[in-house]
Amino acid sequence: MDQNSNGDMERDEDIHRLNRRSFLKLSGGVVAVGALAGTGWAVTELSVKEGPVAKWHKSVCRYCGTGCGVMLGLDKNEKLVRVRGDQEAHNKGVICIKGSLLDELMEKKEARLTTPKIRKNGKLVEASWEEAMSLVAEKFKSSIEENGPNSVAYYGSGQLYIEESYTANKLFKGGIGTNNVDGNPRLCMASAAVGYTQTFGKDEPAGCFDDIDHAETFFVIGSNAYECHPPVWERVMRRKAANPKVKIIVVDPRRTKTAQHADYYLPVVPGTDMLLLNAMAHVIINDRLYSEEYVNKYISFNDGKAEVSFEEYKAFLEDYEPEKVAAELGISAQIIREVAYYFATSKATMSLWTMGLNQRVQGVFLNNNMNSLHLLTGQINKKGATPMSMTGQSNACGGVRDTGSLSHLLPNGRLVAKAEHRAEVEKLWGIPAGKIQEKPGYNALSLFQAMNDEKVKATLVMCTNPAQSLPNVAHYLPGMEKTFMCVVDAFETETSKYADVLLPAALYIEKEGTYGQTERRYQLIQKLREPYGDSRSDLDILVDLAERLGYGDFIKSKTSKEVWDEYREFSSHSKYNFMGMTRERLAKERGLQWPCPTEDHPGTARRYIPGDPFVPEGKEVYFYGKPNGKATVFMRPYLRGNEKTDANMPTYLTTGRVVSQWHTGTMTREVAELNSQSGPGRFVMHPQDAAHYQVKEGDVIIVNSSRGEMKGTVSISENETPGVVFAAFYDPEFMINDVVSDDHDPISFQPDYKVTAINISKSLPLKPQ
Ligand SMILES: Nc1nc2c(c(=O)[nH]1)N[C@H]1C(S)=C(S)[C@@H](COP(=O)(O)OP(=O)(O)OC[C@H]3O[C@@H](n4cnc5c(=O)[nH]c(N)nc54)[C@H](O)[C@@H]3O)O[C@H]1N2
Ligand SMILES: Nc1nc2c(c(=O)[nH]1)N[C@H]1C(S)=C(S)[C@@H](COP(=O)(O)OP(=O)(O)OC[C@H]3O[C@@H](n4cnc5c(=O)[nH]c(N)nc54)[C@H](O)[C@@H]3O)O[C@H]1N2
Ligand code: SF4
Ligand SMILES: [Mo]
């Protein structure tokens, strides 16, 4: 069967012959310290730089939601000269190429912003902190006085420290009194957060990375973990090498490097996965592959409005018999049945997913369905069995989902819309009842639309680059131009071009703070050196702004440690309780997973089972987020989005990432070794599409979508699927988001970056050839 791949063995031989650079290229950039399990993926020390390390410091990589522990070697001048994986951390010494080059990010200084800048006569000119901050405060104040608190906004990031996001959220929602607090996690995690909350009554994964070592079937859907979470993928491969029974199923329209290691590779038609997940549920129910224990004891069924019976759920699935959906989905009924069988009957099944499911017009429903498959089959609440939505950014979970720094949330799983949640938060923050508004604020897309409409007049943009990362981006630029925008970044970006005030941010180890990664693990990053130039930490900037706006007493915690202790106490009034994670413990230990209510508590690897402090004595499984203790399996129909190919728009565009670049590239383009690997942005297509459009490698094409038009260069690859063109978004000279649709999920408001219908025409050469 050609969906099977045996790429592993070839790789094993290859890797022994590789030098560092080509190894990193081939392996997705996994770097490990010390000999690991002999899979060929792990190698001995590869770091090339042998600088004189005066002292090693335990830290955490700043980039992605794997949250790898790293050891940072600083020389006697506080220069970061070596980076290696921390063997005592959860990633067991394995890091990827981006992590291994953190030293170059920190040492590449030419491009760093060093002083505040203010726009004068259309140009950004250097200014003092006093001048810049008083201008920001004045603009915010006058906007609030003239147009009310909802005329200002904060747009933040899953890469800020927990203490920073918590402070921004508190200042805006509890101080200024606006729920206009949102950020890039809306583009990334919103569907997963809503999906978990609807199913379990609580956000965040129940399982942990350690489950990889116990799983027998991996169901990987809409995730290119090989490039985006390389140490996670390395661990999956090690698990497979150690246990021949392990089956890897990968569902992705593109034959990614992840898909190349699958036992079952399912190249679904973009945008159709709901059909697959409902068809798998159909097989599981009709072939009696479900867990009677779960169906009888731990699940209730719901049609989205009210509880329904198991029989009604079964009847709903009739339309999703594999034979009925196969053609539209692009996968044979036989394969659907085999995959459902492996999912249900393995000793332990672990699902891993990311943007291929979240960034979709049905993102929430897809997340619901992933959770449902695990509940129906009882593939949950035991070692190796868990539905794991991997988080993208280093701190989207801890910093934004847990602190409630989105426009509809309040800290620790509370909702703006719920009166009792608002009242609890008002009490904990010591503000008058009714201070927090009852309506959610603007979300990412509606915020930038409100700037277009000049309803929002002053915005603080921190640690994110929306002028490159928003979908249908050109549509949102006029608002950034027209309204007052203060941008805080370490580098110049596409967004800083629209800034009225640009503030230089301290980067990574130039400040102290906490990150919370995918598996609820909070880890401390200590400050190891002074901020570069005149830059300041985002926390210092927020505290300064709070004082200037008259909230100096309310934002009473002024240092990272003070905020941590305030928030730790705050959390003790919730099921996110991490009161036991003192700064001292975090400085010593390799991260702790919440709940962790007391200083002698070891943290909670798996939730909803004994060991979780909130599971009552004597209960084997208890979904305490739900009033009846049962998780919900929803009937979720497949609905096709607007972005569907037709005669005018015959090809799909899907967008995402490559291993060596981080998002909009501001940081990774500064690291020569990373930048040289990816080259400039390109449209990557299958040879059949190239033949169809009569284009060849290097040709410039014009791509049209319902949103816009752009030019770019073609690259041809056998790994792409005919009919699906791929593009990454790291290159501002290749502004792919000009054509990406801003259609979004109607519940989570997360945009669908994955499915845009396009047409391609060849660009005529500028000069006759
Ligand atoms: N190297 C690197 N690593 C990163 C990042 C980075 O910028 N660079 N960013 C981090 C962040 S914030 C995030 S959110 C994660 C993202 O991590 P991933 O989600 O793994 O990465 P993406 O490339 O966005 O998309 C994942 C896959 O979804 C597939 N896909 C597209 N359409 C569909 C569909 O209809 N169905 C299915 N099943 N799959 C589909 C794509 O082909 C792609 O392989 O990565 C994190 N890690
Ligand atoms: N086409 C397409 N577009 C996408 C996606 C996609 O799959 N396809 N994915 C979406 C997703 S999942 C995400 S998460 C977003 C990411 O989109 P963005 O958040 O816009 O991208 P980043 O490049 O991560 O931007 C982070 C910025 O913070 C700066 N920075 C770094 N450290 C600090 C700091 O400590 N303080 C401050 N103030 N600044 C700092 C960096 O220099 C950088 O400019 O992109 C989204 N856009
Ligand atoms: S996988 Fe993510 S956290 Fe780990 S080293 Fe790479 S970028 Fe850093
Ligand atoms: Mo993301």
# chains A, B, ... in the order shown; residues from 1 in each chain; ligands from 1

call {"tool": "residues_around", "arguments": {"residues": "Trp233 of chain A", "least_positions_apart": "3", "cutoff": "12 Å", "atoms": "only C-alpha atoms", "output": "PyMOL selection string"}}
result
chain A and resi 27-30+41-42+66+91+94-96+209+212-213+218+220+223-230+236-240+248+257-259+261-262+352-353+390

call {"tool": "closest_atom_pairs", "arguments": {"of": "chain A", "to": "ligand 3", "cutoff": "9 Å", "atoms": "only C-alpha atoms and all ligand atoms", "output": "Markdown table"}}
result
| residue | atom | partner | partner_atom_place_in_ligand_line | distance |
| --- | --- | --- | --- | --- |
| A:Gly29 | CA | ligand 3 | 6 (Fe) | 8.1 |
| A:Val30 | CA | ligand 3 | 6 (Fe) | 7.7 |
| A:Val31 | CA | ligand 3 | 5 (S) | 8.4 |
| A:Val60 | CA | ligand 3 | 3 (S) | 7.3 |
| A:Cys61 | CA | ligand 3 | 8 (Fe) | 4.5 |
| A:Arg62 | CA | ligand 3 | 8 (Fe) | 6.2 |
| A:Tyr63 | CA | ligand 3 | 7 (S) | 4.6 |
| A:Cys64 | CA | ligand 3 | 2 (Fe) | 3.9 |
| A:Gly65 | CA | ligand 3 | 3 (S) | 6.0 |
| A:Thr66 | CA | ligand 3 | 3 (S) | 4.6 |
| A:Gly67 | CA | ligand 3 | 3 (S) | 4.2 |
| A:Cys68 | CA | ligand 3 | 4 (Fe) | 4.2 |
| A:Gly69 | CA | ligand 3 | 4 (Fe) | 7.5 |
| A:Val70 | CA | ligand 3 | 5 (S) | 7.6 |
| A:Gly85 | CA | ligand 3 | 5 (S) | 7.7 |
| A:Asn91 | CA | ligand 3 | 4 (Fe) | 7.8 |
| A:Val94 | CA | ligand 3 | 5 (S) | 7.5 |
| A:Ile95 | CA | ligand 3 | 5 (S) | 4.0 |
| A:Cys96 | CA | ligand 3 | 6 (Fe) | 4.0 |
| A:Ile97 | CA | ligand 3 | 6 (Fe) | 6.3 |
| A:Lys98 | CA | ligand 3 | 7 (S) | 5.2 |
| A:Gly99 | CA | ligand 3 | 5 (S) | 3.7 |
| A:Ser100 | CA | ligand 3 | 5 (S) | 6.5 |
| A:Leu101 | CA | ligand 3 | 5 (S) | 8.9 |
| A:Leu102 | CA | ligand 3 | 8 (Fe) | 8.6 |
| A:Glu227 | CA | ligand 3 | 1 (S) | 8.6 |
| A:Cys228 | CA | ligand 3 | 1 (S) | 6.8 |
| A:His229 | CA | ligand 3 | 1 (S) | 4.7 |
| A:Pro230 | CA | ligand 3 | 1 (S) | 5.2 |
| A:Pro231 | CA | ligand 3 | 1 (S) | 5.5 |
| A:Val232 | CA | ligand 3 | 1 (S) | 7.4 |
| A:Gly392 | CA | ligand 3 | 2 (Fe) | 8.6 |
| A:Gln393 | CA | ligand 3 | 2 (Fe) | 8.3 |
| A:Ser394 | CA | ligand 3 | 3 (S) | 6.8 |
| A:Gln517 | CA | ligand 3 | 3 (S) | 8.9 |
| A:Val659 | CA | ligand 3 | 7 (S) | 8.7 |
| A:Trp662 | CA | ligand 3 | 7 (S) | 8.3 |

call {"tool": "residues_near_ligand", "arguments": {"ligand": "ligand 2", "cutoff": "7 Å", "atoms": "only C-alpha atoms and all ligand atoms", "output": "PyMOL selection string"}}
result
chain A and resi 157+159-160+184-185+187-188+355+392-393+462-466+468-471+488-491+493+505-508+537-538+655-657+662-667+728-729+736-737+740+753-754

call {"tool": "residues_around", "arguments": {"residues": "segment 688-696 of chain A", "least_positions_apart": "2", "cutoff": "7 Å", "atoms": "only C-alpha atoms", "output": "ChimeraX atom specification"}}
result
/A:685-686,698-699,714,722-723,762

call {"tool": "residues_around", "arguments": {"residues": "His408 of chain A", "least_positions_apart": "6", "cutoff": "8 Å", "atoms": "only C-alpha atoms", "output": "mmCIF file with N, CA, C and O atoms, in the first residue's frame"}}
result
data_model
loop_
_atom_site.group_PDB
_atom_site.id
_atom_site.type_symbol
_atom_site.label_atom_id
_atom_site.label_comp_id
_atom_site.auth_asym_id
_atom_site.auth_seq_id
_atom_site.Cartn_x
_atom_site.Cartn_y
_atom_site.Cartn_z
ATOM 1 N N ASN A 179 -12.595 45.032 27.795
ATOM 2 C CA ASN A 179 -12.204 43.644 27.493
ATOM 3 C C ASN A 179 -11.477 43.543 26.151
ATOM 4 O O ASN A 179 -11.313 42.438 25.623
ATOM 5 N N LEU A 415 -14.940 33.068 32.485
ATOM 6 C CA LEU A 415 -15.435 33.710 31.273
ATOM 7 C C LEU A 415 -16.001 35.088 31.576
ATOM 8 O O LEU A 415 -16.697 35.278 32.572
ATOM 9 N N VAL A 416 -15.698 36.034 30.681
ATOM 10 C CA VAL A 416 -16.231 37.391 30.778
ATOM 11 C C VAL A 416 -17.764 37.364 30.860
ATOM 12 O O VAL A 416 -18.381 38.099 31.629
ATOM 13 N N ALA A 417 -18.362 36.491 30.072
ATOM 14 C CA ALA A 417 -19.831 36.489 29.959
ATOM 15 C C ALA A 417 -20.529 35.996 31.228
ATOM 16 O O ALA A 417 -21.739 36.182 31.370
ATOM 17 N N LYS A 439 -19.567 42.222 28.382
ATOM 18 C CA LYS A 439 -19.472 41.730 26.995
ATOM 19 C C LYS A 439 -18.016 41.475 26.620
ATOM 20 O O LYS A 439 -17.148 42.299 26.927
ATOM 21 N N PRO A 440 -17.735 40.359 25.925
ATOM 22 C CA PRO A 440 -16.364 40.155 25.448
ATOM 23 C C PRO A 440 -15.910 41.332 24.589
ATOM 24 O O PRO A 440 -16.738 41.991 23.950
ATOM 25 N N GLY A 441 -14.625 41.604 24.600
ATOM 26 C CA GLY A 441 -14.088 42.675 23.760
ATOM 27 C C GLY A 441 -13.867 42.183 22.337
ATOM 28 O O GLY A 441 -14.330 41.112 21.952
#

call {"tool": "closest_residue", "arguments": {"among": "A:Pro270, A:Gly533, A:Gly430, A:Pro322", "to": "Glu110 of chain A", "atoms": "only C-alpha atoms"}}
result
A:Gly533

call {"tool": "atom_distance", "arguments": {"atom1": "atom CA of Arg414 of chain A", "atom2": "atom CA of Ala631 of chain A"}}
result
18.2 Å

call {"tool": "residues_around", "arguments": {"residues": "Glu584 of chain A", "least_positions_apart": "4", "cutoff": "10 Å", "atoms": "only C-alpha atoms", "output": "short mmCIF file (atom, residue, chain, number, x, y, z; two decimals) with N, CA, C and O atoms, in the first residue's frame"}}
result
data_model
loop_
_atom_site.label_atom_id
_atom_site.label_comp_id
_atom_site.auth_asym_id
_atom_site.auth_seq_id
_atom_site.Cartn_x
_atom_site.Cartn_y
_atom_site.Cartn_z
N LEU A 524 10.79 28.46 34.64
CA LEU A 524 11.33 29.81 34.87
C LEU A 524 12.50 30.10 33.94
O LEU A 524 13.38 29.27 33.73
N LYS A 588 14.95 25.73 40.90
CA LYS A 588 15.68 24.47 41.08
C LYS A 588 15.16 23.37 40.16
O LYS A 588 15.92 22.63 39.55
N GLU A 589 13.82 23.23 40.09
CA GLU A 589 13.24 22.08 39.41
C GLU A 589 13.11 22.32 37.91
O GLU A 589 13.17 23.45 37.45
#

call {"tool": "select_by_dssp", "arguments": {"residues": "segment 418-450 of chain A", "states": "helix (DSSP H, G or I)", "output": "compact mmCIF listing (two decimals) with C-alpha atoms, in the first residue's frame"}}
result
# COMPACT_ATOMS: atom_id res chain seq x y z
CA ALA A 419 -21.60 37.16 36.09
CA GLU A 420 -20.27 34.95 38.90
CA HIS A 421 -16.86 34.73 37.19
CA ARG A 422 -16.65 38.49 36.85
CA ALA A 423 -17.66 38.89 40.48
CA GLU A 424 -14.96 36.45 41.63
CA VAL A 425 -12.26 38.25 39.68
CA GLU A 426 -13.44 41.68 40.84
CA LYS A 427 -13.21 40.48 44.42
CA LEU A 428 -9.75 38.95 43.95
CA TRP A 429 -8.47 42.08 42.24
CA ALA A 444 -7.94 39.68 16.77
CA LEU A 445 -9.80 40.12 13.49
CA SER A 446 -12.63 42.26 14.83
CA LEU A 447 -10.08 44.41 16.69
CA PHE A 448 -8.17 45.27 13.53
CA GLN A 449 -11.51 45.82 11.78
CA ALA A 450 -12.51 48.17 14.62

call {"tool": "atom_distance", "arguments": {"atom1": "atom CA of Thr598 of chain A", "atom2": "atom CA of Ser165 of chain A"}}
result
23.9 Å

call {"tool": "select_by_dssp", "arguments": {"residues": "segment 212-453 of chain A", "states": "strand (DSSP E or B)", "output": "count of residues only"}}
result
35

call {"tool": "closest_residue", "arguments": {"among": "A:Val83, A:Val136, A:Ala306, A:Ala326", "to": "Asp500 of chain A", "atoms": "only C-alpha atoms"}}
result
A:Val136

call {"tool": "closest_residue", "arguments": {"among": "A:Asp273, A:Thr217, A:Ser300, A:Ala474", "to": "Gly384 of chain A", "atoms": "only C-alpha atoms"}}
result
A:Thr217

call {"tool": "closest_residue", "arguments": {"among": "A:His214, A:Lys497, A:Arg682, A:Lys644", "to": "Ala385 of chain A", "atoms": "only C-alpha atoms"}}
result
A:His214

call {"tool": "decode", "arguments": {"residues": "segment 683-721 of chain A", "atoms": "N, CA and C atoms", "output": "PDB file, in the first residue's frame"}}
result
ATOM      1  N   PHE A 683       6.225  29.556  -3.545  1.00  0.00           N
ATOM      2  CA  PHE A 683       5.060  28.685  -3.699  1.00  0.00           C
ATOM      3  C   PHE A 683       5.571  27.288  -4.023  1.00  0.00           C
ATOM      4  N   VAL A 684       5.272  26.331  -3.167  1.00  0.00           N
ATOM      5  CA  VAL A 684       5.777  24.976  -3.406  1.00  0.00           C
ATOM      6  C   VAL A 684       4.638  24.137  -3.973  1.00  0.00           C
ATOM      7  N   MET A 685       4.876  23.503  -5.119  1.00  0.00           N
ATOM      8  CA  MET A 685       3.801  22.731  -5.769  1.00  0.00           C
ATOM      9  C   MET A 685       4.316  21.409  -6.347  1.00  0.00           C
ATOM     10  N   HIS A 686       3.370  20.506  -6.549  1.00  0.00           N
ATOM     11  CA  HIS A 686       3.675  19.190  -7.109  1.00  0.00           C
ATOM     12  C   HIS A 686       3.965  19.328  -8.608  1.00  0.00           C
ATOM     13  N   PRO A 687       4.838  18.455  -9.163  1.00  0.00           N
ATOM     14  CA  PRO A 687       5.133  18.533 -10.595  1.00  0.00           C
ATOM     15  C   PRO A 687       3.874  18.510 -11.485  1.00  0.00           C
ATOM     16  N   GLN A 688       2.843  17.785 -11.047  1.00  0.00           N
ATOM     17  CA  GLN A 688       1.613  17.749 -11.862  1.00  0.00           C
ATOM     18  C   GLN A 688       0.972  19.127 -11.971  1.00  0.00           C
ATOM     19  N   ASP A 689       0.986  19.860 -10.873  1.00  0.00           N
ATOM     20  CA  ASP A 689       0.422  21.216 -10.907  1.00  0.00           C
ATOM     21  C   ASP A 689       1.305  22.132 -11.768  1.00  0.00           C
ATOM     22  N   ALA A 690       2.620  21.929 -11.616  1.00  0.00           N
ATOM     23  CA  ALA A 690       3.536  22.729 -12.430  1.00  0.00           C
ATOM     24  C   ALA A 690       3.257  22.481 -13.905  1.00  0.00           C
ATOM     25  N   ALA A 691       3.018  21.215 -14.240  1.00  0.00           N
ATOM     26  CA  ALA A 691       2.733  20.881 -15.643  1.00  0.00           C
ATOM     27  C   ALA A 691       1.399  21.509 -16.046  1.00  0.00           C
ATOM     28  N   HIS A 692       0.415  21.388 -15.162  1.00  0.00           N
ATOM     29  CA  HIS A 692      -0.917  21.926 -15.472  1.00  0.00           C
ATOM     30  C   HIS A 692      -0.842  23.433 -15.745  1.00  0.00           C
ATOM     31  N   TYR A 693      -0.116  24.135 -14.897  1.00  0.00           N
ATOM     32  CA  TYR A 693      -0.017  25.595 -15.068  1.00  0.00           C
ATOM     33  C   TYR A 693       1.144  26.004 -15.981  1.00  0.00           C
ATOM     34  N   GLN A 694       1.830  24.996 -16.502  1.00  0.00           N
ATOM     35  CA  GLN A 694       2.959  25.231 -17.418  1.00  0.00           C
ATOM     36  C   GLN A 694       4.003  26.175 -16.808  1.00  0.00           C
ATOM     37  N   VAL A 695       4.395  25.832 -15.596  1.00  0.00           N
ATOM     38  CA  VAL A 695       5.455  26.621 -14.945  1.00  0.00           C
ATOM     39  C   VAL A 695       6.583  25.694 -14.525  1.00  0.00           C
ATOM     40  N   LYS A 696       7.756  26.265 -14.347  1.00  0.00           N
ATOM     41  CA  LYS A 696       8.897  25.471 -13.900  1.00  0.00           C
ATOM     42  C   LYS A 696       9.555  26.132 -12.691  1.00  0.00           C
ATOM     43  N   GLU A 697      10.441  25.365 -12.081  1.00  0.00           N
ATOM     44  CA  GLU A 697      11.182  25.858 -10.910  1.00  0.00           C
ATOM     45  C   GLU A 697      11.728  27.263 -11.183  1.00  0.00           C
ATOM     46  N   GLY A 698      11.487  28.189 -10.271  1.00  0.00           N
ATOM     47  CA  GLY A 698      12.053  29.534 -10.419  1.00  0.00           C
ATOM     48  C   GLY A 698      11.167  30.509 -11.177  1.00  0.00           C
ATOM     49  N   ASP A 699      10.110  30.009 -11.836  1.00  0.00           N
ATOM     50  CA  ASP A 699       9.213  30.931 -12.543  1.00  0.00           C
ATOM     51  C   ASP A 699       8.481  31.820 -11.547  1.00  0.00           C
ATOM     52  N   VAL A 700       8.170  33.010 -12.005  1.00  0.00           N
ATOM     53  CA  VAL A 700       7.349  33.897 -11.159  1.00  0.00           C
ATOM     54  C   VAL A 700       5.892  33.732 -11.589  1.00  0.00           C
ATOM     55  N   ILE A 701       5.038  33.499 -10.601  1.00  0.00           N
ATOM     56  CA  ILE A 701       3.616  33.326 -10.907  1.00  0.00           C
ATOM     57  C   ILE A 701       2.788  34.392 -10.197  1.00  0.00           C
ATOM     58  N   ILE A 702       1.560  34.559 -10.688  1.00  0.00           N
ATOM     59  CA  ILE A 702       0.612  35.446 -10.018  1.00  0.00           C
ATOM     60  C   ILE A 702      -0.458  34.551  -9.409  1.00  0.00           C
ATOM     61  N   VAL A 703      -0.684  34.732  -8.124  1.00  0.00           N
ATOM     62  CA  VAL A 703      -1.700  33.939  -7.441  1.00  0.00           C
ATOM     63  C   VAL A 703      -2.855  34.860  -7.063  1.00  0.00           C
ATOM     64  N   ASN A 704      -4.065  34.418  -7.416  1.00  0.00           N
ATOM     65  CA  ASN A 704      -5.279  35.158  -7.076  1.00  0.00           C
ATOM     66  C   ASN A 704      -6.136  34.368  -6.120  1.00  0.00           C
ATOM     67  N   SER A 705      -6.736  35.070  -5.164  1.00  0.00           N
ATOM     68  CA  SER A 705      -7.733  34.425  -4.315  1.00  0.00           C
ATOM     69  C   SER A 705      -8.912  35.384  -4.206  1.00  0.00           C
ATOM     70  N   SER A 706      -9.922  35.001  -3.433  1.00  0.00           N
ATOM     71  CA  SER A 706     -11.054  35.913  -3.258  1.00  0.00           C
ATOM     72  C   SER A 706     -10.610  37.181  -2.531  1.00  0.00           C
ATOM     73  N   ARG A 707      -9.426  37.175  -1.881  1.00  0.00           N
ATOM     74  CA  ARG A 707      -8.984  38.314  -1.096  1.00  0.00           C
ATOM     75  C   ARG A 707      -7.991  39.225  -1.803  1.00  0.00           C
ATOM     76  N   GLY A 708      -7.188  38.679  -2.687  1.00  0.00           N
ATOM     77  CA  GLY A 708      -6.182  39.543  -3.298  1.00  0.00           C
ATOM     78  C   GLY A 708      -5.286  38.787  -4.264  1.00  0.00           C
ATOM     79  N   GLU A 709      -4.212  39.466  -4.614  1.00  0.00           N
ATOM     80  CA  GLU A 709      -3.315  38.933  -5.634  1.00  0.00           C
ATOM     81  C   GLU A 709      -1.890  39.135  -5.181  1.00  0.00           C
ATOM     82  N   MET A 710      -1.019  38.190  -5.467  1.00  0.00           N
ATOM     83  CA  MET A 710       0.404  38.417  -5.194  1.00  0.00           C
ATOM     84  C   MET A 710       1.274  37.652  -6.167  1.00  0.00           C
ATOM     85  N   LYS A 711       2.511  38.127  -6.281  1.00  0.00           N
ATOM     86  CA  LYS A 711       3.472  37.470  -7.148  1.00  0.00           C
ATOM     87  C   LYS A 711       4.461  36.698  -6.306  1.00  0.00           C
ATOM     88  N   GLY A 712       4.953  35.585  -6.830  1.00  0.00           N
ATOM     89  CA  GLY A 712       5.984  34.864  -6.094  1.00  0.00           C
ATOM     90  C   GLY A 712       6.614  33.797  -6.979  1.00  0.00           C
ATOM     91  N   THR A 713       7.682  33.220  -6.464  1.00  0.00           N
ATOM     92  CA  THR A 713       8.471  32.266  -7.239  1.00  0.00           C
ATOM     93  C   THR A 713       8.013  30.836  -6.965  1.00  0.00           C
ATOM     94  N   VAL A 714       8.114  30.005  -7.988  1.00  0.00           N
ATOM     95  CA  VAL A 714       7.688  28.606  -7.879  1.00  0.00           C
ATOM     96  C   VAL A 714       8.836  27.718  -7.436  1.00  0.00           C
ATOM     97  N   SER A 715       8.496  26.776  -6.572  1.00  0.00           N
ATOM     98  CA  SER A 715       9.435  25.703  -6.251  1.00  0.00           C
ATOM     99  C   SER A 715       8.662  24.399  -6.425  1.00  0.00           C
ATOM    100  N   ILE A 716       9.306  23.396  -6.983  1.00  0.00           N
ATOM    101  CA  ILE A 716       8.569  22.162  -7.302  1.00  0.00           C
ATOM    102  C   ILE A 716       9.042  21.032  -6.404  1.00  0.00           C
ATOM    103  N   SER A 717       8.071  20.295  -5.846  1.00  0.00           N
ATOM    104  CA  SER A 717       8.436  19.210  -4.938  1.00  0.00           C
ATOM    105  C   SER A 717       7.455  18.050  -5.072  1.00  0.00           C
ATOM    106  N   GLU A 718       8.019  16.854  -5.150  1.00  0.00           N
ATOM    107  CA  GLU A 718       7.212  15.625  -5.217  1.00  0.00           C
ATOM    108  C   GLU A 718       6.403  15.445  -3.938  1.00  0.00           C
ATOM    109  N   ASN A 719       6.831  16.080  -2.866  1.00  0.00           N
ATOM    110  CA  ASN A 719       6.144  15.859  -1.588  1.00  0.00           C
ATOM    111  C   ASN A 719       4.825  16.602  -1.474  1.00  0.00           C
ATOM    112  N   GLU A 720       4.633  17.581  -2.319  1.00  0.00           N
ATOM    113  CA  GLU A 720       3.333  18.260  -2.275  1.00  0.00           C
ATOM    114  C   GLU A 720       2.293  17.363  -2.946  1.00  0.00           C
ATOM    115  N   THR A 721       1.029  17.662  -2.652  1.00  0.00           N
ATOM    116  CA  THR A 721      -0.064  16.878  -3.228  1.00  0.00           C
ATOM    117  C   THR A 721      -0.587  17.621  -4.447  1.00  0.00           C
TER     118      THR A 721
END
